[in-house]
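Peer 1: For reference, the structure I am asking about is given below.
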Amino acid sequence: MDPRGGDKGGGGEFRRSSTRISRAPLIKHISNSRKFSIRPSSSSSASAEQIQTSETPEIPPALVSSSSPPLSATLIGCNEDILLQILPYLPPKSLLRFQSVSKQWLSIISNPTFRRLHLWVNPTTATSAFILFRKIKNMAPELNFISSHEDYVNPMGNIVSNLNNLFDNADIVGLHSCNGLLCIKFCFNYDSIKFVVYNPTTNEYRLIPRLKKIVEERLLQTSVVNIAFDPLNPAQYKLVCVITDHFESEYRFIVYSSETGFWRESVKRLDIYTEKYYFDRGVLWNGGLHWATQWGSTICFDIDHECVRSTVPNLPALYDDSSEVCYFGDSGGELYLISVSMPRKTVFNVFSLKMDYSKWDVKHRIDLTLLSIFYPLDVDEELDPNEFGFHILHCVVDKNRGNVMLVLSMHRKIFCYDINDLTVKELANIEPKEVSYRWMETSRYLRRDASKYMWREAYQHVETLAYI
């Protein structure tokens with residue numbers, strides 16, 4: 001038992017039943033996928049041009065074989081002072097492998113002090129892989145992954161397997177990610193809710209103390225929890241649990257600090273009759289957790305002061321009543337909100353929030369009409385009218401080059417799209433799957449195309465040695 005109140009462990013102490021979460025292989029990664037251009041050529045209004053790239057690796061010079069390492073390498077490998085100047089600059093994946101070099105290296109790399117040093121020097125290592133988690137009506141919660149690089153397919157498969165096998169008799173009913181750490185909401189034996197903080201890089205977890213003394217169990221069933229972890233302040237992380245209290249007609253915010261090991265309720269609450277925020281998909285930026293609504297309103301929860309801010313401005317006039325939020329996240333130190341214009345569904349506006357919260361700037365206007373020629377959008381009146389053809393799972397903005405890279409999901413396919421050079425790289429094919437449900441506004445039964453994933457269902461995998 002950890003002295004701060006949480007149970008700590010690795011990934012192999014508990015086993016979980018495989019009969020309660022769907023493990024259907026919906027995603028099939030494409031091996032040796034190549035980029036191709038959709039830029040119109042002179043002979044055709046829209047033709048796909050294969051980009052020929054040399055994939056022949058350079059042949060390194062011959063190495064002189066030796067039965068034993070050089071004396072200098074042996075001396076460096078045993079000198080702790082020298083190792084502490086070298087190891088912090090290596091990526092987490094390499095360091096975890098190097099733990100098996102010797103007992104000395106294991107002792108150094110597994111030490112919490114070294115891990116904090118590593119975070120200062122090398123805060124996080126963003127990967128080209130994503131954890132997918134979603135709950136759809138009439139379908140069991142789904143945990144999966146997508147990778148844009150073949151090297152990450154097997155490691156991501158191991159992460160998903162570890163999560164699915166973390167506990168016996170428990171379902172994953174909620175998940176949030178921040179800078180490499182996950183906060184997972186488990187439901188044990190159909191009625192008991194517990195929160196777990198998990199580091200998928202190191203396969204370490206901590207069971208968080210229960211909220212029962214503050215919140216009734218029935219309210220925890222509908223709660224969502226976000227994790228706020230700043231790699232530049234690795235000594236602690238915080239969890240923000242948002243409770244929907246229909247009896248009081250309020251949203252309540254309860255904060256857990258890993259530094260104290262206790263939950264504490266925020267004094268400020270939010271009227272439940274405000275717009276419906278995506279509280280399960282908070283974005284940590286500028287010292288606060290930010291949430292957005294379907295129609296573009298945003299709020300911020302100040303992590304240090306543990307209260308809701310009311311300083312987030314409205315979007316500019318370019319965001320009108322016919323627009324919907326299709327992405328909300330950070331990239332390169334900026335907070336971005338992307339909207340799609342309805343009913344056209346191929347024109348996107350990219351907004352960036354100023355650090356002083358004075359206004360949203362319009363950064364880009366993206367037109368995917370040309371892309372829709374190669375990937376025709378489905379027109380089906382029985383599909384949810386709130387859905388659109390292209391879903392943005394992730395957006396990377398290179399401020400220096402003015403380049404924008406999108407990870408897109410559409411019917412039965414996930415791919416990367418560079419909007420500057422108009423190149424596409426297909427990542428995976430999704431098996432067809434539809435789910436029927438009743439749409440409350442018209443009482444009609446509609447179908448959701450479950451082969452599409454939305455931005456709220458994708459979390460970029462970030463490698464970190466953060467000690468939990």
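Identifiers in the structure tokens: chain A, B, ... in order shown; residue index from 1 per chain; ligand index from 1 in order shown.
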Do a neighbour search on Cys395 of chain A at 8 Å with only C-alpha atoms, toss out local chain neighbours closer than 5 positions, and write the hits as a PyMOL selection string.

Peer 2: chain A and resi 329+331+404-407

Peer 1: Keeping only C-alpha atoms, write those residues as a PDB file, in the first residue's frame.

Peer 2:
```
ATOM      1  CA  GLY A 329      -6.667  20.011 -29.087  1.00  0.00           C
ATOM      2  CA  SER A 331      -0.227  21.416 -31.073  1.00  0.00           C
ATOM      3  CA  VAL A 404      -0.766  21.326 -41.403  1.00  0.00           C
ATOM      4  CA  MET A 405      -0.961  17.536 -41.179  1.00  0.00           C
ATOM      5  CA  LEU A 406      -4.280  15.835 -40.433  1.00  0.00           C
ATOM      6  CA  VAL A 407      -5.078  12.294 -39.345  1.00  0.00           C
TER       7      VAL A 407
END
```

Peer 1: Considering only C-alpha atoms, return as a list in words whatever protein or nucleic-acid residues lie within 9 Å of segment 254-271 of chain A, sequence-local ones (same chain, fewer than 4 positions apart) excluded.

Peer 2: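 Once the adjacent positions are removed, what remains is Pro3, Arg4, Gly5, Gly6, Ile208, Pro209, Arg210, Leu211, Ile214, Ala235, Gln236, Tyr237, Lys238, Leu239, Val240, Cys241, Val242, Ile243, Ser249, Glu250, Ile303, Glu306, Cys307, Val308 and Ile468 of chain A.
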
Peer 1: For those residues, write N, CA, C and O atoms to a file as a short mmCIF file (atom, residue, chain, number, x, y, z; two decimals), in the first residue's frame.

Peer 2:
```cif
data_model
loop_
_atom_site.label_atom_id
_atom_site.label_comp_id
_atom_site.auth_asym_id
_atom_site.auth_seq_id
_atom_site.Cartn_x
_atom_site.Cartn_y
_atom_site.Cartn_z
N PRO A 3 2.01 5.00 0.77
CA PRO A 3 1.72 5.85 1.92
C PRO A 3 0.84 7.03 1.59
O PRO A 3 0.24 7.63 2.48
N ARG A 4 0.71 7.39 0.31
CA ARG A 4 -0.14 8.52 -0.03
C ARG A 4 -1.60 8.11 -0.23
O ARG A 4 -2.42 8.92 -0.60
N GLY A 5 -1.90 6.86 -0.04
CA GLY A 5 -3.29 6.45 -0.05
C GLY A 5 -3.70 5.64 -1.26
O GLY A 5 -4.82 5.19 -1.34
N GLY A 6 -2.84 5.46 -2.23
CA GLY A 6 -3.20 4.72 -3.42
C GLY A 6 -2.43 3.43 -3.50
O GLY A 6 -1.29 3.34 -3.05
N ILE A 208 -6.39 4.93 -7.41
CA ILE A 208 -6.67 6.18 -6.72
C ILE A 208 -7.68 5.96 -5.59
O ILE A 208 -8.63 5.19 -5.75
N PRO A 209 -7.48 6.61 -4.42
CA PRO A 209 -8.45 6.46 -3.32
C PRO A 209 -9.86 6.79 -3.76
O PRO A 209 -10.07 7.65 -4.63
N ARG A 210 -10.82 6.15 -3.16
CA ARG A 210 -12.22 6.29 -3.57
C ARG A 210 -12.79 7.64 -3.18
O ARG A 210 -12.36 8.28 -2.22
N LEU A 211 -13.83 8.02 -3.91
CA LEU A 211 -14.51 9.30 -3.70
C LEU A 211 -15.75 9.16 -2.85
O LEU A 211 -16.52 10.10 -2.72
N ILE A 214 -17.17 11.78 -0.45
CA ILE A 214 -17.58 13.08 -0.99
C ILE A 214 -18.79 12.95 -1.91
O ILE A 214 -19.69 13.80 -1.89
N ALA A 235 6.53 16.35 -10.32
CA ALA A 235 6.35 15.87 -8.94
C ALA A 235 4.90 15.52 -8.65
O ALA A 235 4.62 14.81 -7.68
N GLN A 236 3.97 16.03 -9.45
CA GLN A 236 2.56 15.72 -9.17
C GLN A 236 1.73 15.78 -10.44
O GLN A 236 2.12 16.35 -11.45
N TYR A 237 0.57 15.15 -10.36
CA TYR A 237 -0.47 15.28 -11.38
C TYR A 237 -1.78 15.46 -10.63
O TYR A 237 -1.87 15.19 -9.42
N LYS A 238 -2.79 15.94 -11.32
CA LYS A 238 -4.10 16.12 -10.71
C LYS A 238 -5.17 15.46 -11.57
O LYS A 238 -5.05 15.39 -12.79
N LEU A 239 -6.21 14.98 -10.91
CA LEU A 239 -7.39 14.45 -11.58
C LEU A 239 -8.54 15.41 -11.31
O LEU A 239 -8.71 15.90 -10.19
N VAL A 240 -9.32 15.68 -12.34
CA VAL A 240 -10.50 16.53 -12.20
C VAL A 240 -11.72 15.68 -12.55
O VAL A 240 -11.90 15.29 -13.71
N CYS A 241 -12.52 15.37 -11.55
CA CYS A 241 -13.73 14.57 -11.73
C CYS A 241 -14.92 15.52 -11.85
O CYS A 241 -15.16 16.35 -10.97
N VAL A 242 -15.66 15.40 -12.95
CA VAL A 242 -16.83 16.24 -13.19
C VAL A 242 -18.08 15.41 -12.91
O VAL A 242 -18.32 14.39 -13.55
N ILE A 243 -18.84 15.87 -11.93
CA ILE A 243 -20.05 15.17 -11.50
C ILE A 243 -21.28 15.90 -12.02
O ILE A 243 -21.41 17.13 -11.84
N SER A 249 -28.97 20.41 -9.97
CA SER A 249 -28.92 21.09 -11.28
C SER A 249 -27.58 21.79 -11.49
O SER A 249 -27.51 22.92 -11.99
N GLU A 250 -26.49 21.09 -11.12
CA GLU A 250 -25.16 21.69 -11.23
C GLU A 250 -24.13 20.65 -11.66
O GLU A 250 -24.31 19.45 -11.45
N ILE A 303 -6.04 24.72 -13.00
CA ILE A 303 -5.52 23.59 -12.25
C ILE A 303 -4.93 24.03 -10.91
O ILE A 303 -5.16 23.39 -9.87
N GLU A 306 -7.85 25.52 -8.84
CA GLU A 306 -8.93 24.54 -8.74
C GLU A 306 -10.30 25.20 -8.82
O GLU A 306 -11.16 25.02 -7.96
N CYS A 307 -10.51 25.97 -9.88
CA CYS A 307 -11.80 26.64 -10.08
C CYS A 307 -12.01 26.89 -11.57
O CYS A 307 -11.06 26.89 -12.37
N VAL A 308 -13.27 27.13 -11.94
CA VAL A 308 -13.63 27.41 -13.33
C VAL A 308 -13.32 28.86 -13.66
O VAL A 308 -13.69 29.76 -12.92
N ILE A 468 4.57 7.45 -11.21
CA ILE A 468 3.21 7.69 -10.72
C ILE A 468 3.02 7.19 -9.30
O ILE A 468 1.96 7.34 -8.71
#
```

Peer 1: Choose the residue, out of A:Cys78, A:Ile193, A:Met156, A:Ala129, that has the smallest atom-to-atom separation from Ile172 of chain A; count only C-alpha atoms.

Peer 2: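 Smallest separation from Ile172 of chain A among the options: A:Ile193.
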
Peer 1: What separation in Å, quoted to one decimal, exists between atom CA of Leu371 of chain A and atom CA of Leu427 of chain A?

Peer 2: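 Between atom CA of Leu371 of chain A and atom CA of Leu427 of chain A the gap works out to 15.8 Å.
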
Peer 1: Distance atom CA of Val121 of chain A-atom CA of Leu393 of chain A, one decimal place?

Peer 2: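 That distance, rounded to one decimal, is 29.0 Å.
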
Peer 1: Which of these residues is nearest to Asp330 of chain A, using only C-alpha atoms: A:Phe145, A:Trp291, A:Phe390, A:Tyr445?

Peer 2: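 For Asp330 of chain A, the nearest of the candidates is A:Trp291.
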
Peer 1: Which residues are near His29 of chain A? Cut-off 8 Å, only C-alpha atoms, ignore same chain within fewer than 2 positions. Put them as a list in words.

Peer 2: Ile27, Ser31, Ile146, Ser147, Leu427, Ala428 and Asn429 of chain A

Peer 1: I'd like the neighbourhood of Gly157 of chain A as a ChimeraX atom specification, where a residue qualifies if any of its atoms comes within 10 Å (using only C-alpha atoms), though same-chain residues fewer than 2 positions away should be ignored.

Peer 2: /A:131,144-147,152-155,159-162

Peer 1: Check the DSSP output for the backbone and give back, as number ranges by chain, the residues of segment 63-190 of chain A in strand (DSSP E).

Peer 2: A: 125-134, 142-147, 170-178, 181-188

Peer 1: By how many Å are atom CA of Asn138 of chain A and atom CA of Val435 of chain A apart?

Peer 2: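 Atom CA of Val435 of chain A lies 6.9 Å from atom CA of Asn138 of chain A.
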